[in-house]
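Shown next: start.csv, containing CSV, N, CA and C atoms.
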chain,number,residue,atom,x,y,z
E,7,MET,N,-21.1,40.3,-1.9
E,7,MET,CA,-21.3,39.5,-0.7
E,7,MET,C,-22.6,40.0,0.0
E,8,ASP,N,-22.8,41.3,-0.1
E,8,ASP,CA,-24.0,41.9,0.5
E,8,ASP,C,-25.3,41.4,-0.1
E,9,LYS,N,-25.3,41.1,-1.5
E,9,LYS,CA,-26.4,40.6,-2.1
E,9,LYS,C,-26.7,39.2,-1.6
E,10,LEU,N,-25.6,38.4,-1.5
E,10,LEU,CA,-25.8,37.0,-1.0
E,10,LEU,C,-26.4,37.0,0.4
E,11,ALA,N,-25.9,37.9,1.3
E,11,ALA,CA,-26.3,37.9,2.7
E,11,ALA,C,-27.8,38.4,2.7
E,12,LYS,N,-28.1,39.4,1.9
E,12,LYS,CA,-29.5,39.8,1.8
E,12,LYS,C,-30.4,38.7,1.3
E,13,ARG,N,-30.0,38.0,0.3
E,13,ARG,CA,-30.8,36.9,-0.3
E,13,ARG,C,-31.0,35.8,0.8
E,14,LEU,N,-29.9,35.5,1.5
E,14,LEU,CA,-30.1,34.5,2.6
E,14,LEU,C,-31.0,34.9,3.6
E,15,ARG,N,-31.0,36.2,4.0
E,15,ARG,CA,-31.9,36.6,5.1
E,15,ARG,C,-33.4,36.6,4.6
E,16,GLU,N,-33.6,36.9,3.3
E,16,GLU,CA,-34.9,36.9,2.7
E,16,GLU,C,-35.4,35.4,2.7
E,17,ASP,N,-34.6,34.5,2.3
E,17,ASP,CA,-35.0,33.1,2.2
E,17,ASP,C,-35.2,32.6,3.6
E,18,ALA,N,-34.4,33.0,4.6
E,18,ALA,CA,-34.6,32.5,6.0
E,18,ALA,C,-36.0,33.1,6.5
E,19,ASP,N,-36.3,34.3,6.1
E,19,ASP,CA,-37.6,34.8,6.6
E,19,ASP,C,-38.8,34.1,6.0
E,20,LYS,N,-38.6,33.5,4.9
E,20,LYS,CA,-39.7,32.7,4.2
E,20,LYS,C,-39.9,31.3,4.9
E,21,ILE,N,-39.0,30.8,5.6
E,21,ILE,CA,-39.1,29.5,6.2
E,21,ILE,C,-40.0,29.6,7.4
E,22,ASP,N,-41.0,28.6,7.5
E,22,ASP,CA,-41.9,28.6,8.6
E,22,ASP,C,-41.3,27.7,9.7
E,23,ALA,N,-40.9,28.3,10.8
E,23,ALA,CA,-40.1,27.6,11.8
E,23,ALA,C,-41.0,27.6,13.1
E,24,SER,N,-42.3,27.6,13.0
E,24,SER,CA,-43.1,27.6,14.2
E,24,SER,C,-43.3,26.1,14.6
E,25,LEU,N,-43.5,25.9,15.9
E,25,LEU,CA,-43.6,24.6,16.5
E,25,LEU,C,-45.1,24.3,16.8
E,26,SER,N,-45.5,23.1,16.6
E,26,SER,CA,-46.9,22.8,17.0
E,26,SER,C,-47.0,22.7,18.5
E,27,PRO,N,-48.2,23.0,19.0
E,27,PRO,CA,-48.4,22.9,20.5
E,27,PRO,C,-48.1,21.5,21.0
E,28,GLN,N,-48.4,20.4,20.2
E,28,GLN,CA,-48.1,19.1,20.7
E,28,GLN,C,-46.6,18.8,20.8
E,29,PHE,N,-45.9,19.3,19.9
E,29,PHE,CA,-44.4,19.2,19.9
E,29,PHE,C,-43.8,19.9,21.1
E,30,LYS,N,-44.3,21.1,21.3
E,30,LYS,CA,-43.9,21.9,22.5
E,30,LYS,C,-44.1,21.2,23.8
E,31,GLU,N,-45.3,20.6,23.9
E,31,GLU,CA,-45.7,19.9,25.1
E,31,GLU,C,-44.8,18.7,25.3
E,32,ARG,N,-44.5,17.9,24.3
E,32,ARG,CA,-43.6,16.7,24.4
E,32,ARG,C,-42.2,17.1,24.7
E,33,LEU,N,-41.7,18.2,24.1
E,33,LEU,CA,-40.4,18.7,24.4
E,33,LEU,C,-40.3,19.2,25.9
E,34,ARG,N,-41.3,19.9,26.4
E,34,ARG,CA,-41.3,20.3,27.8
E,34,ARG,C,-41.3,19.1,28.7
E,35,ALA,N,-42.1,18.1,28.4
E,35,ALA,CA,-42.2,16.9,29.3
E,35,ALA,C,-40.9,16.2,29.3
E,36,SER,N,-40.3,16.1,28.1
E,36,SER,CA,-39.0,15.4,28.0
E,36,SER,C,-37.9,16.1,28.9
E,37,LEU,N,-37.9,17.4,28.8
E,37,LEU,CA,-36.9,18.2,29.5
E,37,LEU,C,-37.1,18.1,31.0
E,38,GLU,N,-38.4,18.0,31.5
E,38,GLU,CA,-38.7,17.9,32.9
E,38,GLU,C,-38.3,16.6,33.4
E,39,ASN,N,-38.4,15.5,32.6
E,39,ASN,CA,-38.2,14.2,33.1
E,39,ASN,C,-36.7,13.8,33.1
E,40,VAL,N,-35.9,14.5,32.4
E,40,VAL,CA,-34.5,14.2,32.3
E,40,VAL,C,-33.8,14.6,33.6
E,41,SER,N,-33.1,13.7,34.2
E,41,SER,CA,-32.4,14.1,35.4
E,41,SER,C,-30.9,13.9,35.1
E,42,GLN,N,-30.1,14.7,35.7
E,42,GLN,CA,-28.7,14.6,35.4
E,42,GLN,C,-28.1,13.4,36.0
E,43,GLU,N,-27.5,12.6,35.1
E,43,GLU,CA,-26.9,11.3,35.5
E,43,GLU,C,-25.5,11.5,36.1
E,44,ARG,N,-25.3,10.9,37.2
E,44,ARG,CA,-24.0,11.0,37.8
E,44,ARG,C,-23.2,9.8,37.5
E,45,THR,N,-21.9,10.0,37.2
E,45,THR,CA,-21.1,8.8,37.0
E,45,THR,C,-20.6,8.3,38.3
E,46,PRO,N,-20.4,7.0,38.4
E,46,PRO,CA,-20.0,6.5,39.7
E,46,PRO,C,-18.6,7.0,40.1
E,47,ALA,N,-18.3,7.1,41.3
E,47,ALA,CA,-17.0,7.6,41.8
E,47,ALA,C,-15.9,6.6,41.3
E,48,ALA,N,-14.8,7.2,41.0
E,48,ALA,CA,-13.6,6.4,40.5
E,48,ALA,C,-13.2,5.5,41.7
E,49,PRO,N,-12.8,4.2,41.3
E,49,PRO,CA,-12.4,3.3,42.3
E,49,PRO,C,-11.2,3.8,43.0
E,50,ALA,N,-11.1,3.4,44.3
E,50,ALA,CA,-9.9,3.8,45.1
E,50,ALA,C,-8.6,3.3,44.4
E,51,ARG,N,-7.6,4.1,44.5
E,51,ARG,CA,-6.3,3.7,43.9
E,51,ARG,C,-5.7,2.5,44.6
E,52,GLN,N,-5.1,1.6,43.9
E,52,GLN,CA,-4.5,0.5,44.5
E,52,GLN,C,-3.3,0.9,45.3
E,53,SER,N,-3.0,0.1,46.3
E,53,SER,CA,-1.9,0.5,47.2
E,53,SER,C,-0.6,0.2,46.5
E,54,ALA,N,0.5,0.8,47.1
E,54,ALA,CA,1.8,0.6,46.6
E,54,ALA,C,2.3,-0.8,46.7
E,55,GLY,N,1.7,-1.6,47.6
E,55,GLY,CA,2.0,-3.0,47.7
E,55,GLY,C,1.6,-3.8,46.5
E,56,PHE,N,0.4,-3.4,45.9
E,56,PHE,CA,0.0,-4.1,44.7
E,56,PHE,C,0.9,-3.8,43.5
E,57,TRP,N,1.4,-2.5,43.5
E,57,TRP,CA,2.3,-2.1,42.4
E,57,TRP,C,3.6,-2.9,42.5
E,58,TRP,N,4.1,-3.0,43.7
E,58,TRP,CA,5.4,-3.8,43.9
E,58,TRP,C,5.2,-5.2,43.5
E,59,ALA,N,4.1,-5.8,44.0
E,59,ALA,CA,3.8,-7.2,43.7
E,59,ALA,C,3.7,-7.5,42.2
E,60,SER,N,3.1,-6.6,41.4
E,60,SER,CA,2.9,-6.8,40.0
E,60,SER,C,4.3,-6.6,39.3
E,61,SER,N,5.1,-5.6,39.8
E,61,SER,CA,6.4,-5.4,39.2
E,61,SER,C,7.3,-6.6,39.4
E,62,LEU,N,7.3,-7.1,40.6
E,62,LEU,CA,8.2,-8.2,40.9
E,62,LEU,C,7.7,-9.5,40.1
E,63,THR,N,6.4,-9.7,40.0
E,63,THR,CA,6.0,-10.8,39.2
E,63,THR,C,6.4,-10.7,37.7
E,64,GLY,N,6.3,-9.5,37.2
E,64,GLY,CA,6.8,-9.3,35.8
E,64,GLY,C,8.3,-9.5,35.6
E,65,ILE,N,9.1,-9.1,36.6
E,65,ILE,CA,10.5,-9.3,36.5
E,65,ILE,C,10.8,-10.8,36.7
E,66,ALA,N,10.1,-11.5,37.6
E,66,ALA,CA,10.4,-12.9,37.7
E,66,ALA,C,10.0,-13.7,36.5
E,67,ALA,N,8.9,-13.3,35.9
E,67,ALA,CA,8.5,-14.0,34.6
E,67,ALA,C,9.5,-13.8,33.5
E,68,THR,N,10.0,-12.5,33.4
E,68,THR,CA,11.0,-12.2,32.4
E,68,THR,C,12.3,-13.0,32.6
E,69,LEU,N,12.8,-13.1,33.8
E,69,LEU,CA,14.0,-13.8,34.1
E,69,LEU,C,13.8,-15.3,33.9
E,70,ALA,N,12.6,-15.8,34.2
E,70,ALA,CA,12.3,-17.3,33.9
E,70,ALA,C,12.3,-17.6,32.4
E,71,VAL,N,11.8,-16.7,31.6
E,71,VAL,CA,11.8,-16.9,30.2
E,71,VAL,C,13.2,-16.9,29.7
E,72,ILE,N,14.1,-15.9,30.1
E,72,ILE,CA,15.5,-15.8,29.7
E,72,ILE,C,16.2,-17.1,30.1
E,73,VAL,N,16.1,-17.5,31.3
E,73,VAL,CA,16.8,-18.7,31.8
E,73,VAL,C,16.4,-20.0,31.0
E,74,ILE,N,15.1,-20.1,30.8
E,74,ILE,CA,14.6,-21.3,30.1
E,74,ILE,C,15.1,-21.3,28.6
E,75,SER,N,15.0,-20.1,28.0
E,75,SER,CA,15.5,-20.1,26.6
E,75,SER,C,17.0,-20.3,26.5
E,76,ASN,N,17.7,-19.9,27.4
E,76,ASN,CA,19.2,-20.1,27.4
E,76,ASN,C,19.5,-21.5,27.7
E,77,LEU,N,18.8,-22.2,28.6
E,77,LEU,CA,19.1,-23.6,28.9
E,77,LEU,C,18.7,-24.5,27.8
E,78,SER,N,17.7,-24.2,27.0
E,78,SER,CA,17.2,-25.1,26.0
E,78,SER,C,18.1,-25.0,24.7
E,79,LEU,N,18.9,-24.0,24.6
E,79,LEU,CA,19.8,-23.9,23.4
E,79,LEU,C,20.9,-24.9,23.5
E,80,GLU,N,21.0,-25.7,22.5
E,80,GLU,CA,22.2,-26.6,22.3
E,80,GLU,C,23.0,-26.0,21.3
E,81,ASN,N,24.3,-26.2,21.4
E,81,ASN,CA,25.2,-25.5,20.5
E,81,ASN,C,24.8,-25.6,19.0
E,82,PRO,N,24.1,-24.7,18.5
E,82,PRO,CA,23.6,-24.8,17.1
E,82,PRO,C,24.8,-24.6,16.1
E,83,GLU,N,24.7,-25.2,15.0
E,83,GLU,CA,25.7,-25.0,14.0
E,83,GLU,C,25.5,-23.7,13.4
E,84,PRO,N,26.6,-23.0,13.1
E,84,PRO,CA,26.5,-21.7,12.5
E,84,PRO,C,25.9,-21.9,11.1
E,85,ALA,N,25.1,-20.9,10.7
E,85,ALA,CA,24.5,-20.9,9.4
E,85,ALA,C,25.6,-20.7,8.3
E,86,ARG,N,25.4,-21.5,7.3
E,86,ARG,CA,26.4,-21.4,6.2
E,86,ARG,C,25.7,-20.8,5.0
E,87,THR,N,26.3,-19.8,4.4
E,87,THR,CA,25.7,-19.2,3.2
E,87,THR,C,26.6,-19.4,2.0
E,88,GLU,N,26.0,-19.6,0.9
E,88,GLU,CA,26.8,-19.8,-0.3
E,88,GLU,C,26.4,-18.6,-1.3
E,89,PRO,N,27.3,-18.2,-2.1
E,89,PRO,CA,26.9,-17.2,-3.0
E,89,PRO,C,25.9,-17.6,-4.0
E,90,PRO,N,25.0,-16.8,-4.4
E,90,PRO,CA,23.9,-17.2,-5.3
E,90,PRO,C,24.4,-17.6,-6.6
E,91,ALA,N,23.7,-18.6,-7.2
E,91,ALA,CA,24.1,-19.1,-8.5
E,91,ALA,C,23.9,-18.0,-9.6
E,92,GLN,N,24.7,-17.9,-10.6
E,92,GLN,CA,24.6,-16.9,-11.6
E,92,GLN,C,23.8,-17.4,-12.8
E,93,GLN,N,22.8,-18.1,-12.6
E,93,GLN,CA,22.0,-18.7,-13.7
E,93,GLN,C,21.1,-17.7,-14.4
E,94,PHE,N,20.7,-16.6,-13.7
E,94,PHE,CA,19.8,-15.7,-14.3
E,94,PHE,C,20.5,-14.7,-15.3
E,95,ALA,N,21.8,-14.5,-15.1
E,95,ALA,CA,22.5,-13.5,-15.9
E,95,ALA,C,22.5,-13.9,-17.3
E,96,ALA,N,22.6,-15.1,-17.7
E,96,ALA,CA,22.7,-15.5,-19.1
E,96,ALA,C,21.3,-15.6,-19.7
E,97,GLN,N,20.2,-15.6,-19.0
E,97,GLN,CA,18.9,-15.7,-19.6
E,97,GLN,C,18.3,-14.4,-20.1
E,98,PHE,N,18.8,-13.3,-19.7
E,98,PHE,CA,18.3,-12.0,-20.2
E,98,PHE,C,19.3,-11.3,-21.0
E,99,ASP,N,18.7,-10.6,-22.0
E,99,ASP,CA,19.5,-9.7,-22.9
E,99,ASP,C,19.3,-8.3,-22.4
E,100,TRP,N,20.4,-7.8,-21.7
E,100,TRP,CA,20.3,-6.5,-21.1
E,100,TRP,C,20.7,-5.3,-21.9
E,101,ARG,N,20.9,-5.6,-23.2
E,101,ARG,CA,21.2,-4.4,-24.1
E,101,ARG,C,20.0,-3.5,-24.3
E,102,LEU,N,20.2,-2.3,-24.0
E,102,LEU,CA,19.0,-1.3,-24.1
E,102,LEU,C,19.0,-0.7,-25.5
E,103,GLN,N,17.7,-0.5,-26.0
E,103,GLN,CA,17.5,0.1,-27.3
E,103,GLN,C,16.6,1.3,-27.0
E,104,PRO,N,16.8,2.4,-27.7
E,104,PRO,CA,15.8,3.5,-27.6
E,104,PRO,C,14.4,3.1,-28.1
E,105,ALA,N,13.4,3.7,-27.5
E,105,ALA,CA,12.0,3.4,-27.9
E,105,ALA,C,11.7,4.1,-29.2
E,106,VAL,N,11.1,3.5,-30.1
E,106,VAL,CA,10.6,4.1,-31.3
E,106,VAL,C,9.1,4.2,-31.3
E,107,LEU,N,8.7,5.4,-31.2
E,107,LEU,CA,7.2,5.7,-31.2
E,107,LEU,C,6.7,5.8,-32.6
E,108,THR,N,5.7,4.9,-32.9
E,108,THR,CA,5.1,4.9,-34.2
E,108,THR,C,3.8,5.8,-34.2
E,109,GLN,N,3.4,6.2,-33.0
E,109,GLN,CA,2.2,7.0,-32.8
E,109,GLN,C,2.5,8.2,-32.0
E,110,THR,N,1.6,9.2,-31.9
E,110,THR,CA,1.8,10.3,-31.0
E,110,THR,C,1.6,9.8,-29.6
E,111,LEU,N,2.0,10.6,-28.6
E,111,LEU,CA,1.9,10.2,-27.2
E,111,LEU,C,0.5,10.0,-26.8
E,112,GLU,N,-0.4,10.9,-27.3
E,112,GLU,CA,-1.8,10.7,-27.0
E,112,GLU,C,-2.4,9.4,-27.5
E,113,GLN,N,-2.0,9.0,-28.7
E,113,GLN,CA,-2.4,7.7,-29.2
E,113,GLN,C,-1.8,6.5,-28.4
E,114,GLU,N,-0.6,6.7,-28.0
E,114,GLU,CA,0.1,5.7,-27.1
E,114,GLU,C,-0.7,5.5,-25.8
E,115,LEU,N,-1.1,6.7,-25.2
E,115,LEU,CA,-1.8,6.7,-24.0
E,115,LEU,C,-3.1,6.0,-24.1
E,116,VAL,N,-3.8,6.3,-25.2
E,116,VAL,CA,-5.1,5.6,-25.4
E,116,VAL,C,-4.9,4.1,-25.6
E,117,ALA,N,-3.9,3.7,-26.3
E,117,ALA,CA,-3.6,2.3,-26.5
E,117,ALA,C,-3.3,1.6,-25.2
E,118,ILE,N,-2.5,2.2,-24.4
E,118,ILE,CA,-2.1,1.7,-23.1
E,118,ILE,C,-3.4,1.5,-22.2
E,119,GLN,N,-4.2,2.6,-22.2
E,119,GLN,CA,-5.5,2.5,-21.4
E,119,GLN,C,-6.4,1.4,-21.9
E,120,SER,N,-6.4,1.2,-23.2
E,120,SER,CA,-7.2,0.1,-23.7
E,120,SER,C,-6.7,-1.3,-23.3
E,121,ASP,N,-5.4,-1.4,-23.3
E,121,ASP,CA,-4.7,-2.7,-22.9
E,121,ASP,C,-5.0,-2.9,-21.4
E,122,LEU,N,-5.0,-1.8,-20.6
E,122,LEU,CA,-5.2,-2.0,-19.2
E,122,LEU,C,-6.7,-2.4,-18.9
E,123,ARG,N,-7.6,-1.8,-19.7
E,123,ARG,CA,-9.0,-2.2,-19.6
E,123,ARG,C,-9.2,-3.7,-19.9
E,124,LYS,N,-8.6,-4.1,-21.0
E,124,LYS,CA,-8.7,-5.6,-21.4
E,124,LYS,C,-8.1,-6.5,-20.3
E,125,ALA,N,-6.9,-6.1,-19.8
E,125,ALA,CA,-6.3,-6.9,-18.7
E,125,ALA,C,-7.2,-6.9,-17.5
E,126,GLU,N,-7.8,-5.8,-17.2
E,126,GLU,CA,-8.7,-5.8,-16.0
E,126,GLU,C,-9.9,-6.7,-16.2
E,127,ARG,N,-10.4,-6.7,-17.4
E,127,ARG,CA,-11.6,-7.5,-17.8
E,127,ARG,C,-11.2,-9.0,-17.6
E,128,VAL,N,-10.0,-9.4,-18.1
E,128,VAL,CA,-9.6,-10.8,-18.0
E,128,VAL,C,-9.4,-11.2,-16.6
E,129,VAL,N,-8.8,-10.3,-15.8
E,129,VAL,CA,-8.6,-10.6,-14.4
E,129,VAL,C,-9.9,-10.8,-13.6
E,130,ARG,N,-10.8,-9.9,-13.9
E,130,ARG,CA,-12.2,-10.0,-13.3
E,130,ARG,C,-12.9,-11.3,-13.7
E,131,ASP,N,-12.8,-11.6,-14.9
E,131,ASP,CA,-13.4,-12.9,-15.4
E,131,ASP,C,-12.7,-14.1,-14.7
E,132,ASP,N,-11.4,-14.0,-14.5
E,132,ASP,CA,-10.7,-15.1,-13.8
E,132,ASP,C,-11.1,-15.2,-12.4
E,133,ILE,N,-11.2,-14.0,-11.7
E,133,ILE,CA,-11.7,-14.0,-10.3
E,133,ILE,C,-13.1,-14.6,-10.2
E,134,ASP,N,-14.0,-14.1,-11.1
E,134,ASP,CA,-15.3,-14.6,-11.0
E,134,ASP,C,-15.4,-16.1,-11.2
E,135,GLN,N,-14.5,-16.7,-12.1
E,135,GLN,CA,-14.5,-18.1,-12.4
E,135,GLN,C,-14.0,-18.8,-11.1
E,136,ILE,N,-13.0,-18.3,-10.4
E,136,ILE,CA,-12.4,-18.9,-9.2
E,136,ILE,C,-13.4,-18.9,-8.1
E,137,VAL,N,-14.2,-17.8,-8.0
E,137,VAL,CA,-15.2,-17.7,-6.9
E,137,VAL,C,-16.3,-18.7,-7.2
E,138,VAL,N,-16.7,-18.9,-8.4
E,138,VAL,CA,-17.7,-19.8,-8.8
E,138,VAL,C,-17.3,-21.2,-8.5
E,139,ASP,N,-16.0,-21.6,-8.7
E,139,ASP,CA,-15.5,-22.9,-8.5
E,139,ASP,C,-15.2,-23.3,-7.1
E,140,LEU,N,-15.3,-22.3,-6.1
E,140,LEU,CA,-15.0,-22.6,-4.7
E,140,LEU,C,-16.1,-23.5,-4.2
E,141,PRO,N,-15.6,-24.5,-3.3
E,141,PRO,CA,-16.6,-25.3,-2.7
E,141,PRO,C,-17.3,-24.5,-1.6
E,142,PRO,N,-18.6,-24.9,-1.3
E,142,PRO,CA,-19.3,-24.2,-0.2
E,142,PRO,C,-18.7,-24.4,1.1
E,143,GLU,N,-18.8,-23.3,1.9
E,143,GLU,CA,-18.2,-23.4,3.3
E,143,GLU,C,-19.1,-24.2,4.2
E,144,ASN,N,-18.4,-25.0,5.1
E,144,ASN,CA,-19.2,-25.8,6.1
E,144,ASN,C,-19.1,-25.0,7.4
E,145,PRO,N,-20.3,-24.6,7.9
E,145,PRO,CA,-20.3,-23.9,9.1
E,145,PRO,C,-20.1,-24.7,10.3
Could you render the structure from this file as structure tokens?
Amino acid sequence: MDKLAKRLREDADKIDASLSPQFKERLRASLENVSQERTPAAPARQSAGFWWASSLTGIAATLAVIVISNLSLENPEPARTEPPAQQFAAQFDWRLQPAVLTQTLEQELVAIQSDLRKAERVVRDDIDQIVVDLPPENP
């Protein structure tokens, strides 16, 4: 660590960090012309009457919405549900069979990656075709 610190110090000593007289003058002028900006005073707090008025308005609006929604309800019929049809159960053969690997796992991984790249290419081509076929937007 000492070698690194020593090397950093040596490299830092080689850096020319002097400022030109023109830059020093512009910097001094900028600093002299900057005045501290003051933020405007915070507005006076609203009175308690305003708070009460806004709270009562909110409560009245809430009650109005509840009353209107309850008056507009006519006795709706209860929803009726039926059990789902069992049509999908017969379409699938759910008997499981153990996987038989004809290749090593590495070869299977390479084959799957290749299939994914092909699928990605097909999807990208389809998206490009869809984008080309889109009608132009009317502003």
- Message: To one decimal place in Å, what is the distance between CA of Ala117 in chain E and CA of Gln135 in chain E?
- Response: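 One can read the CA of Ala117 in chain E to CA of Gln135 in chain E distance as 27.1 Å.
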- Item | Separation of CA of Ala67 in chain E from atom N of Ser53 in chain E, in Å and rounded to one decimal |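 Computing the Euclidean distance for CA of Ala67 in chain E and atom N of Ser53 in chain E yields 21.6 Å.
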- Separation of atom C of Asn39 in chain E from atom N of Ser26 in chain E in Å: 20.9 Å
